[in-house]
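Before any comments, here is the structure.
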Amino acid sequence: MLGTSASGRFFFFGGGLLALLAMELLAPYRPSSVPKAKRWANNLGLTAFNSLVLYGLFGGVAMKTAMHVTSSQWGVMNLVALPSWVEIGLTVVFLDFMLYIWHLLNHVVPFLWRFHRVHHSDPNMDVSTATRFHVGELAISAVIKVGLIFFLGAPVQSVMAFEILLMLCAQFHHSSLKVPQWFERAFWILFVPPSMHRIHHSVIIKERDTNYGTIFSFWDRFLGTLLAAVDQNGIRIGIGAYSKPERLGFLQLLWLPFTRPVR
Ligand SMILES: [Zn+2]
């Protein structure tokens, strides 16, 4: 089961990556300011490094927890018998809301921002930005996720559904794909389109501290953190203090949380 879940996620990760990369190359939103190959080496280097370290540390603990809570009937969803599609829906909505809060905390708590800076320091955005994270941020969030699966009593298939949806949504809204306006507008009613997340990657701090949603766009709308009225063509991506991409190599990115905490 664990092997299947890991290979399932890898299949969706690889599929999303290749499909979006091909589309980005054919119809880019705008030309990149930094050679794609350099950024890809960093971003995919981090992705591979993180996967190895997290697997070594936790070894698929989220899925093991999900199996354990199902067999021992832990958690609030096991208090009543629910059809599996309801369990999947509740898990996706609840974990996405928790992720919204976690993402907001990553911006307002200085200790967490140290790690989250690695994600925002990318000077351009594309599908590879979706998995550019510091391993420290992912390790802390993995521990929180285990607690949430226990609380919820989420079965394996609903955690898998969340993970896959999360991955594909993040890949899509980080992509530099030129998306037709009508599609953006329709998608935006429920989900996070690239234009909404692009504002979140702006160098302007008051723009960056908005649009925290990953799958659904309504958390930002309900909780007053939505920002849409920004000239998309004027958005500069990244962190103002890190304007020299040659200083943001793989090792520098790993060390970034332990350097001066610039906003
Ligand atoms: Zn962020």
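Chain identifiers are assigned as A, B, and so on, following the order in which chains appear in the structure tokens; residues are numbered from 1 within each chain, and ligands are numbered from 1 in order of appearance.
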
message = Residues near region 218-227 of chain A, anyone? I mean within 8 Å using only C-alpha atoms, not counting same-chain ones fewer than 2 positions away, as a list in words.
response = Phe97, Tyr100, Ile189, Leu190, Phe191, Met196, Ile199, Glu207, Asp209, Thr210, Asn211, Tyr212, Gly213, Phe216, Ala229 and Val230 of chain A

Go ahead and write the residues just picked, all heavy atoms, as a short mmCIF file (atom, residue, chain, number, x, y, z; two decimals), in the first residue's frame.
data_model
loop_
_atom_site.label_atom_id
_atom_site.label_comp_id
_atom_site.auth_asym_id
_atom_site.auth_seq_id
_atom_site.Cartn_x
_atom_site.Cartn_y
_atom_site.Cartn_z
N PHE A 97 -7.88 23.94 4.50
CA PHE A 97 -8.06 25.08 5.42
C PHE A 97 -6.89 25.16 6.41
O PHE A 97 -6.36 26.22 6.69
CB PHE A 97 -9.40 24.98 6.16
CG PHE A 97 -9.65 26.14 7.09
CD1 PHE A 97 -9.49 27.45 6.65
CD2 PHE A 97 -10.04 25.92 8.40
CE1 PHE A 97 -9.71 28.53 7.51
CE2 PHE A 97 -10.25 26.99 9.27
CZ PHE A 97 -10.09 28.31 8.82
N TYR A 100 -4.02 26.60 4.69
CA TYR A 100 -4.18 28.06 4.56
C TYR A 100 -3.63 28.74 5.83
O TYR A 100 -2.84 29.68 5.76
CB TYR A 100 -5.67 28.40 4.35
CG TYR A 100 -5.99 29.86 4.55
CD1 TYR A 100 -5.91 30.77 3.49
CD2 TYR A 100 -6.39 30.35 5.81
CE1 TYR A 100 -6.20 32.12 3.69
CE2 TYR A 100 -6.67 31.69 6.00
CZ TYR A 100 -6.58 32.57 4.94
OH TYR A 100 -6.86 33.90 5.14
N ILE A 189 -13.57 31.06 -9.14
CA ILE A 189 -14.77 30.99 -8.29
C ILE A 189 -14.51 30.04 -7.13
O ILE A 189 -14.87 30.32 -6.00
CB ILE A 189 -16.00 30.56 -9.13
CG1 ILE A 189 -16.27 31.63 -10.19
CG2 ILE A 189 -17.22 30.34 -8.24
CD1 ILE A 189 -17.31 31.22 -11.24
N LEU A 190 -13.86 28.92 -7.39
CA LEU A 190 -13.60 27.94 -6.33
C LEU A 190 -12.10 27.75 -6.04
O LEU A 190 -11.71 27.51 -4.90
CB LEU A 190 -14.18 26.58 -6.71
CG LEU A 190 -15.64 26.30 -6.40
CD1 LEU A 190 -15.98 24.85 -6.74
CD2 LEU A 190 -15.98 26.56 -4.92
N PHE A 191 -11.28 27.85 -7.08
CA PHE A 191 -9.87 27.44 -6.92
C PHE A 191 -8.91 28.61 -7.11
O PHE A 191 -9.32 29.71 -7.48
CB PHE A 191 -9.54 26.33 -7.92
CG PHE A 191 -10.45 25.13 -7.79
CD1 PHE A 191 -11.49 24.92 -8.69
CD2 PHE A 191 -10.29 24.23 -6.75
CE1 PHE A 191 -12.34 23.83 -8.56
CE2 PHE A 191 -11.12 23.13 -6.61
CZ PHE A 191 -12.15 22.93 -7.52
N MET A 196 -3.80 34.75 -9.31
CA MET A 196 -4.00 35.00 -7.88
C MET A 196 -2.73 34.68 -7.09
O MET A 196 -2.31 35.43 -6.21
CB MET A 196 -5.17 34.14 -7.38
CG MET A 196 -5.50 34.30 -5.92
SD MET A 196 -6.97 33.31 -5.50
CE MET A 196 -6.81 33.30 -3.71
N ILE A 199 0.38 37.19 -7.43
CA ILE A 199 0.37 38.35 -6.52
C ILE A 199 1.06 37.96 -5.20
O ILE A 199 1.79 38.74 -4.62
CB ILE A 199 -1.09 38.82 -6.27
CG1 ILE A 199 -1.72 39.28 -7.59
CG2 ILE A 199 -1.15 39.92 -5.22
CD1 ILE A 199 -3.22 39.55 -7.53
N GLU A 207 1.59 42.98 -0.90
CA GLU A 207 0.96 42.09 -1.90
C GLU A 207 1.27 40.63 -1.55
O GLU A 207 0.42 39.75 -1.66
CB GLU A 207 1.48 42.42 -3.30
CG GLU A 207 0.97 43.76 -3.80
CD GLU A 207 1.48 44.14 -5.19
OE1 GLU A 207 2.23 43.35 -5.80
OE2 GLU A 207 1.12 45.24 -5.65
N ASP A 209 1.75 39.34 1.36
CA ASP A 209 1.02 38.86 2.53
C ASP A 209 -0.49 38.79 2.25
O ASP A 209 -1.31 39.24 3.06
CB ASP A 209 1.32 39.74 3.75
CG ASP A 209 2.75 39.52 4.25
OD1 ASP A 209 3.42 38.58 3.77
OD2 ASP A 209 3.20 40.28 5.12
N THR A 210 -0.86 38.24 1.11
CA THR A 210 -2.27 38.01 0.74
C THR A 210 -2.31 36.69 -0.04
O THR A 210 -1.27 36.09 -0.31
CB THR A 210 -2.80 39.11 -0.22
OG1 THR A 210 -2.04 39.05 -1.45
CG2 THR A 210 -2.67 40.51 0.39
N ASN A 211 -3.53 36.25 -0.39
CA ASN A 211 -3.71 35.08 -1.27
C ASN A 211 -2.92 33.85 -0.81
O ASN A 211 -2.08 33.32 -1.53
CB ASN A 211 -3.32 35.44 -2.72
CG ASN A 211 -4.15 36.58 -3.27
OD1 ASN A 211 -5.07 37.07 -2.61
ND2 ASN A 211 -3.84 37.02 -4.47
N TYR A 212 -3.26 33.38 0.40
CA TYR A 212 -2.53 32.25 0.99
C TYR A 212 -3.07 30.88 0.54
O TYR A 212 -2.47 29.86 0.84
CB TYR A 212 -2.61 32.30 2.52
CG TYR A 212 -1.93 33.52 3.11
CD1 TYR A 212 -2.67 34.54 3.70
CD2 TYR A 212 -0.54 33.64 3.11
CE1 TYR A 212 -2.05 35.64 4.27
CE2 TYR A 212 0.08 34.73 3.67
CZ TYR A 212 -0.67 35.73 4.24
OH TYR A 212 -0.06 36.82 4.79
N GLY A 213 -4.22 30.87 -0.14
CA GLY A 213 -4.87 29.60 -0.49
C GLY A 213 -4.03 28.73 -1.39
O GLY A 213 -3.24 29.23 -2.20
N PHE A 216 -8.33 25.80 -2.60
CA PHE A 216 -9.55 26.62 -2.73
C PHE A 216 -9.24 28.11 -2.54
O PHE A 216 -8.41 28.48 -1.71
CB PHE A 216 -10.59 26.17 -1.71
CG PHE A 216 -11.03 24.75 -1.90
CD1 PHE A 216 -10.71 23.77 -0.96
CD2 PHE A 216 -11.73 24.37 -3.04
CE1 PHE A 216 -11.09 22.45 -1.13
CE2 PHE A 216 -12.11 23.05 -3.23
CZ PHE A 216 -11.80 22.10 -2.28
N ALA A 229 -6.95 43.11 -7.23
CA ALA A 229 -6.78 44.33 -8.03
C ALA A 229 -5.32 44.76 -8.12
O ALA A 229 -4.90 45.73 -7.50
CB ALA A 229 -7.63 45.44 -7.44
N VAL A 230 -4.53 43.98 -8.86
CA VAL A 230 -3.11 44.30 -9.04
C VAL A 230 -2.81 44.20 -10.53
O VAL A 230 -3.31 43.28 -11.20
CB VAL A 230 -2.23 43.29 -8.25
CG1 VAL A 230 -0.77 43.43 -8.61
CG2 VAL A 230 -2.42 43.46 -6.75
#

How close does chain A get to ligand 1? List, as a tab-separated table, each residue of chain A within 8 Å, its nearest atom pair and the distance in Å to one decimal, counting only C-alpha atoms and all ligand atoms.
residue	atom	partner	partner_atom_place_in_ligand_line	distance
A:His103	CA	ligand 1	1 (Zn)	6.1
A:Leu104	CA	ligand 1	1 (Zn)	7.4
A:Asn106	CA	ligand 1	1 (Zn)	7.0
A:His107	CA	ligand 1	1 (Zn)	6.4
A:His116	CA	ligand 1	1 (Zn)	6.6
A:Arg117	CA	ligand 1	1 (Zn)	8.0
A:His119	CA	ligand 1	1 (Zn)	7.2
A:His120	CA	ligand 1	1 (Zn)	6.5
A:His200	CA	ligand 1	1 (Zn)	6.5
A:His201	CA	ligand 1	1 (Zn)	7.0
A:Arg208	CA	ligand 1	1 (Zn)	7.2
A:Asp209	CA	ligand 1	1 (Zn)	7.6
A:Tyr212	CA	ligand 1	1 (Zn)	6.5

For the selection just defined, write its residues with C-alpha atoms to a file, as an mmCIF file, in the first residue's frame.
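The resulting selection_9.cif:
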data_model
loop_
_atom_site.group_PDB
_atom_site.id
_atom_site.type_symbol
_atom_site.label_atom_id
_atom_site.label_comp_id
_atom_site.auth_asym_id
_atom_site.auth_seq_id
_atom_site.Cartn_x
_atom_site.Cartn_y
_atom_site.Cartn_z
ATOM 1 C CA HIS A 103 0.823 29.237 5.128
ATOM 2 C CA LEU A 104 -0.388 32.459 6.791
ATOM 3 C CA ASN A 106 4.722 31.075 7.661
ATOM 4 C CA HIS A 107 4.402 34.721 6.659
ATOM 5 C CA HIS A 116 9.438 29.896 3.869
ATOM 6 C CA ARG A 117 11.774 32.534 2.332
ATOM 7 C CA HIS A 119 10.114 29.269 -1.602
ATOM 8 C CA HIS A 120 9.619 33.001 -2.189
ATOM 9 C CA HIS A 200 1.445 36.219 -3.529
ATOM 10 C CA HIS A 201 4.961 35.956 -5.027
ATOM 11 C CA ARG A 208 2.921 39.022 -0.775
ATOM 12 C CA ASP A 209 1.016 38.859 2.528
ATOM 13 C CA TYR A 212 -2.527 32.249 0.985
#

task = Please identify all polymer residues within 12 Å of Trp102 (chain A), counting only C-alpha atoms, omitting same-chain residues fewer than 5 positions from it, and present them as an NGL selection string.
result = :A and (95-97 or 107-109 or 112-113 or 116 or 137-138 or 140-142 or 144-145 or 212-214)

Please produce an output containing C-alpha atoms for each residue in the selection, written as an mmCIF file, in the first residue's frame.
data_model
loop_
_atom_site.group_PDB
_atom_site.id
_atom_site.type_symbol
_atom_site.label_atom_id
_atom_site.label_comp_id
_atom_site.auth_asym_id
_atom_site.auth_seq_id
_atom_site.Cartn_x
_atom_site.Cartn_y
_atom_site.Cartn_z
ATOM 1 C CA LEU A 95 -6.663 19.884 5.309
ATOM 2 C CA ASP A 96 -6.704 22.710 2.744
ATOM 3 C CA PHE A 97 -8.061 25.084 5.417
ATOM 4 C CA HIS A 107 4.402 34.721 6.659
ATOM 5 C CA VAL A 108 3.683 36.300 10.056
ATOM 6 C CA VAL A 109 5.859 34.241 12.454
ATOM 7 C CA LEU A 112 8.749 30.219 10.129
ATOM 8 C CA TRP A 113 9.384 32.965 7.551
ATOM 9 C CA HIS A 116 9.438 29.896 3.869
ATOM 10 C CA GLU A 137 9.461 23.850 6.548
ATOM 11 C CA LEU A 138 8.307 20.514 5.113
ATOM 12 C CA ILE A 140 7.540 20.812 10.586
ATOM 13 C CA SER A 141 4.427 20.635 8.400
ATOM 14 C CA ALA A 142 4.717 16.818 8.139
ATOM 15 C CA ILE A 144 1.476 18.839 12.039
ATOM 16 C CA LYS A 145 -0.169 16.829 9.269
ATOM 17 C CA TYR A 212 -2.527 32.249 0.985
ATOM 18 C CA GLY A 213 -4.871 29.604 -0.487
ATOM 19 C CA THR A 214 -3.498 26.466 -2.142
#

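Restricting the calculation to only C-alpha atoms, the smallest distance between Val135 (chain A) and any of A:Ala19, A:Leu46, A:Val80, A:Leu26 is found for A:Leu46.
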
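The residue that comes closest to Ser51 (chain A), out of A:Arg114, A:Arg198, A:Lys206, A:Arg9 and on the basis of only C-alpha atoms, is A:Arg9.
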
inquiry  = Can you pull out every residue from region 65-236 of chain A that DSSP, working from the backbone, puts in helix (DSSP H, G or I), and format the result as an NGL selection string?
reply    = :A and (65-72 or 76-78 or 84-108 or 110-120 or 127-131 or 135-152 or 156-174 or 181-188 or 194-200 or 205-208 or 218-223 or 232-234)

inquiry  = Which residue is closest to Leu256 (chain A)? Choose from A:Pro28, A:Gly136, A:Pro193, A:Gly56 and count only C-alpha atoms.
reply    = A:Gly136

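Using only C-alpha atoms, the nearest neighbour of Val159 (chain A) within the list A:Gln171, A:Ser72, A:Thr65, A:Ser121 is A:Thr65.
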
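Contact shell of Phe94 (chain A) at 10 Å (only C-alpha atoms; same-chain neighbours under 4 positions omitted): Ile88, Gly89, Leu90, Met98, Leu99, Tyr100, Leu148, Leu152 and Phe162 of chain A.
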
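Each of A:Gly147, A:Gly153, A:Gly16, A:Gly238 was checked against Val69 (chain A) using only C-alpha atoms; the smallest atom-to-atom distance is that of A:Gly153.
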
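Among the candidates A:Pro245, A:Ser195, A:Leu52, A:Leu166, the one nearest to Pro180 (chain A) when counting only C-alpha atoms is A:Ser195.
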
note = Separating CA of Ala27 (chain A) from CA of Leu177 (chain A), to the nearest tenth of an Å, is a gap of 6.1 Å

Contacts of Ala66 (chain A) within 12 Å, only C-alpha atoms, excl. fewer than 6 positions in-chain, as a PyMOL selection string = chain A and resi 1-2+5+60+72-75+77-78+91+145-160

Could you take the residues named above and write them with C-alpha atoms, as a PDB file, in the first residue's frame?
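Done, and the output landed in part_5.pdb:
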ATOM      1  CA  MET A   1       0.000   0.000   0.000  1.00  0.00           C
ATOM      2  CA  LEU A   2       2.776   2.427   0.928  1.00  0.00           C
ATOM      3  CA  SER A   5       0.902   5.567  -2.660  1.00  0.00           C
ATOM      4  CA  GLY A  60       5.530   7.581   4.655  1.00  0.00           C
ATOM      5  CA  SER A  72      -8.464   1.617  15.299  1.00  0.00           C
ATOM      6  CA  GLN A  73     -11.405   3.967  14.510  1.00  0.00           C
ATOM      7  CA  TRP A  74      -9.705   7.099  15.826  1.00  0.00           C
ATOM      8  CA  GLY A  75     -10.745  10.649  15.000  1.00  0.00           C
ATOM      9  CA  MET A  77     -14.860  11.212  11.131  1.00  0.00           C
ATOM     10  CA  ASN A  78     -15.039   7.764  12.722  1.00  0.00           C
ATOM     11  CA  THR A  91     -10.559  15.649   4.326  1.00  0.00           C
ATOM     12  CA  LYS A 145      -0.169  16.829   9.269  1.00  0.00           C
ATOM     13  CA  VAL A 146       0.149  13.590  11.264  1.00  0.00           C
ATOM     14  CA  GLY A 147      -1.666  15.285  14.181  1.00  0.00           C
ATOM     15  CA  LEU A 148      -4.421  16.488  11.844  1.00  0.00           C
ATOM     16  CA  ILE A 149      -4.918  13.006  10.317  1.00  0.00           C
ATOM     17  CA  PHE A 150      -5.278  11.610  13.856  1.00  0.00           C
ATOM     18  CA  PHE A 151      -7.775  14.333  14.782  1.00  0.00           C
ATOM     19  CA  LEU A 152      -9.796  13.811  11.634  1.00  0.00           C
ATOM     20  CA  GLY A 153      -9.559  10.016  11.426  1.00  0.00           C
ATOM     21  CA  ALA A 154      -8.810  10.389   7.715  1.00  0.00           C
ATOM     22  CA  PRO A 155      -8.541   7.143   5.717  1.00  0.00           C
ATOM     23  CA  VAL A 156      -5.691   6.481   3.264  1.00  0.00           C
ATOM     24  CA  GLN A 157      -7.647   7.214   0.077  1.00  0.00           C
ATOM     25  CA  SER A 158      -8.751  10.636   1.329  1.00  0.00           C
ATOM     26  CA  VAL A 159      -5.204  11.620   2.377  1.00  0.00           C
ATOM     27  CA  MET A 160      -3.980  10.416  -1.034  1.00  0.00           C
TER      28      MET A 160
END
